[in-house]
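Q: Next up is a structure, given as structure tokens.
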Amino acid sequence: MLTPEYLEACCDDVLGLYDALNESIVRDISRRIVKTGKVTDSARWQLKQVQESGKLMEEIIQEVSSVTKFSDSYIKELFNESGVISLKYEGDICSAAGLTPINLKQSPAMMQTLAAAIEKTQGNINNLTMTTAVASQNLYLQYTNLAYMQVTSGAFSYQEALKQAIKVAAVDGGKVLYQKGHSSKLDVAVRRSLLTGVNQTAGKLTEMYADEMDCDYFETTAHLGARNTGTGYNNHESWQGQVFCISGKDKRYRQFREATGYGEGGGLCGWNCRHNFHMFFLGLSKPAYSREVLEGYAKKTHQYKDADGNIQTLTEYECTQMQRAYERQIRESKSLLAGYDSGIKAAPDEKTENALREEFKTESVNLKRIEAEMKDFCKQTNRAVDSARTQVHAVKDNDGKIVNFNKSVSQKAVWANKKSS
């Protein structure tokens, strides 16, 4: 079993790497947009656009390749760690029940399951990440064409068209593409894939353990802010922290898969789910959650006074969703600052550079406003600020390969904000 707290934090380190990749992609797109240059002769401009498009694709592929080796190593370590933690918990339950625990390395079937899960998740994430190169090239072509039309029609000045193109690149850059045409932000896609992979693998190992121990009951974990929307198993609050019969033979308990949706995207161990489960032996195991604790989770609310003085009563789940919205705004703002920063460095003339500097200054003020609002919201609702969800910073080695992230762009934004106040 893996705890909700472990699942909440287990992806944080590797997400810094993908945040760095996302920033690099935004910088690459913004720089190429600026380097495409002012509109002159149509044929010459189109040639320049094609050249920059090809260079952009090469740059992003190199960035993705440099991240892959770090990511693959981290995923392997994470899955091995989570497997050991999960099975140790199950082993302690077995010991308390007078049974002999299973060691992960002593079970070839479990080791094979873990290895297959590692390979699958590595492949999924690498495939998703590689699609960002195609998506970014398409984005560059789309918005340089739009800027071209805006300027040639006289609707916008070159600087205004450029600012708009960079803004869209920062918001839409770093996306992954799915086969059915759906797209998602890189950090969101990676977190979802990694969290789901870790959680489902732990669940599979627990299933195998229970089968070995002839255990016919599971107890699910529980946490504050569980999903309470939808019906049936999609409403996680309706089944968290309860005991279920695996086979369905004991009619005193609901059947495990049917009640929790285990194995379905919207159910237990599904997309972004932080619930897991463990073996439960009737007459020997003690329930981890009392009815009072679960009711307290469901009933817990917070009072929040917004900037307009309106007081709202929010559930823990609603608070989580609002905090995530603030975090998305902060990451988007930091991406935009990175795009402007890259554009400033590549600006062909002083007028363009000054125009982008003004946008950088304005956005840095916006970033500080959002951060202040989120901090106030978290303080009022007694929540911790999760800095791991608001990082968008890249560090590169001498060869230009991503190795980690820092706060260089954020520090520039703080400086710009002070200058404008």
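Each chain in the structure tokens gets a letter, A, B and so on, in the order shown; residues start at 1 in every chain, and ligands are counted from 1 in the order they appear.
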Can you pull out every residue within 7 Å of A:Phe218, counting only C-alpha atoms, but drop anything in the same chain fewer than 3 positions away, and send it as a list of chain:residue names?
A: A:Val243, A:Phe244, A:Cys245, A:Ile246, A:Phe277, A:His278, A:Met279, A:Phe280
Q: Can you pull out every residue within 9 Å of A:Glu371, counting only C-alpha atoms, but drop anything in the same chain fewer than 6 positions away, and send it as a PyMOL selection string?
A: chain A and resi 326-327+330
Q: Name all residues at most 12 Å from A:Tyr262 (count only C-alpha atoms; drop same-chain ones fewer than 3 positions away) and give them as a VMD selection string.
A: chain A and resid 199 to 200 203 to 204 207 218 220 232 to 234 236 239 244 246 255 to 259 265 to 271 273 275 to 277
Q: Using only C-alpha atoms, find each residue of stretch 20-95 of chain A with at least one atom at most 6 Å away from an atom of stretch 336-355 of chain A; report its shortest atom-to-atom pair and that distance in Å (one decimal), sort the rows by chain and rising residue number, and return the result as a Markdown table.
A:
```
| residue | atom | partner | partner_atom | distance |
| --- | --- | --- | --- | --- |
| A:Val26 | CA | A:Gly339 | CA | 5.7 |
| A:Arg27 | CA | A:Gly339 | CA | 5.1 |
| A:Ser30 | CA | A:Gly339 | CA | 5.4 |
| A:Arg31 | CA | A:Gly343 | CA | 5.3 |
```
Q: From the list A:Glu295, A:Glu219, A:Glu8, A:Glu363, which residue is nearest A:Leu282 when using only C-alpha atoms?
A: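 Among the listed residues, A:Glu219 lies closest to A:Leu282.
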Q: Taking 6 positions as the minimum chain separation for residues in the same chain, which residues sit within 9 Å of stretch 184-188 of chain A when counting only C-alpha atoms? Answer as a PDB file with C-alpha atoms, in the first residue's frame.
A:
```pdb
ATOM      1  CA  LEU A  15       8.565  17.305 -12.513  1.00  0.00           C
ATOM      2  CA  GLY A  16      11.291  19.894 -12.012  1.00  0.00           C
ATOM      3  CA  TYR A  18       9.973  18.548 -17.175  1.00  0.00           C
ATOM      4  CA  ASP A  19       9.256  22.082 -16.012  1.00  0.00           C
ATOM      5  CA  LEU A  21      12.059  21.248 -20.533  1.00  0.00           C
ATOM      6  CA  ASN A  22       8.833  23.201 -20.864  1.00  0.00           C
ATOM      7  CA  LEU A 128       4.380  11.844 -24.943  1.00  0.00           C
ATOM      8  CA  THR A 129       7.348  14.150 -24.505  1.00  0.00           C
ATOM      9  CA  THR A 132       6.127  18.297 -28.020  1.00  0.00           C
ATOM     10  CA  ASP A 172       0.376  26.883 -25.573  1.00  0.00           C
ATOM     11  CA  GLY A 173       4.019  25.824 -25.843  1.00  0.00           C
ATOM     12  CA  GLY A 174       5.234  22.574 -24.318  1.00  0.00           C
ATOM     13  CA  LYS A 175       2.117  20.596 -25.107  1.00  0.00           C
ATOM     14  CA  VAL A 176       1.935  16.871 -25.737  1.00  0.00           C
ATOM     15  CA  LEU A 177      -0.285  15.297 -28.384  1.00  0.00           C
ATOM     16  CA  TYR A 178      -2.381  12.167 -27.992  1.00  0.00           C
TER      17      TYR A 178
END
```
Q: Which neighbours of A:Met130 fall inside 9 Å, counting only C-alpha atoms, when residues of the same chain fewer than 6 positions from it are skipped, and could you give them as a PyMOL selection string?
A: chain A and resi 60-61+64-65+176
Q: Mind pulling up the distance from atom CA of A:Tyr217 to atom CA of A:Pro108?
A: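 Answer for the atom CA of A:Pro108 to atom CA of A:Tyr217 separation: 24.1 Å.
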Q: I need the residue nearest A:Leu114 from this list: A:Gly91, A:Thr206, A:Gln46, A:Val168. Use only C-alpha atoms for the distance.
A: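 Distance minimum relative to A:Leu114 lands on A:Thr206.
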Q: What lies within 8 Å of A:Ser285 using only C-alpha atoms, ignoring chain neighbours under 4 positions off, as a PyMOL selection string?
A: chain A and resi 93+96-97+280-281
Q: Point out the residue among A:Ala135, A:Leu224, A:Cys378, A:Val190 with the least atom-to-atom distance to A:Ser71, counting only C-alpha atoms.
A: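 Among A:Ala135, A:Leu224, A:Cys378, A:Val190, it is A:Val190 that comes nearest to A:Ser71.
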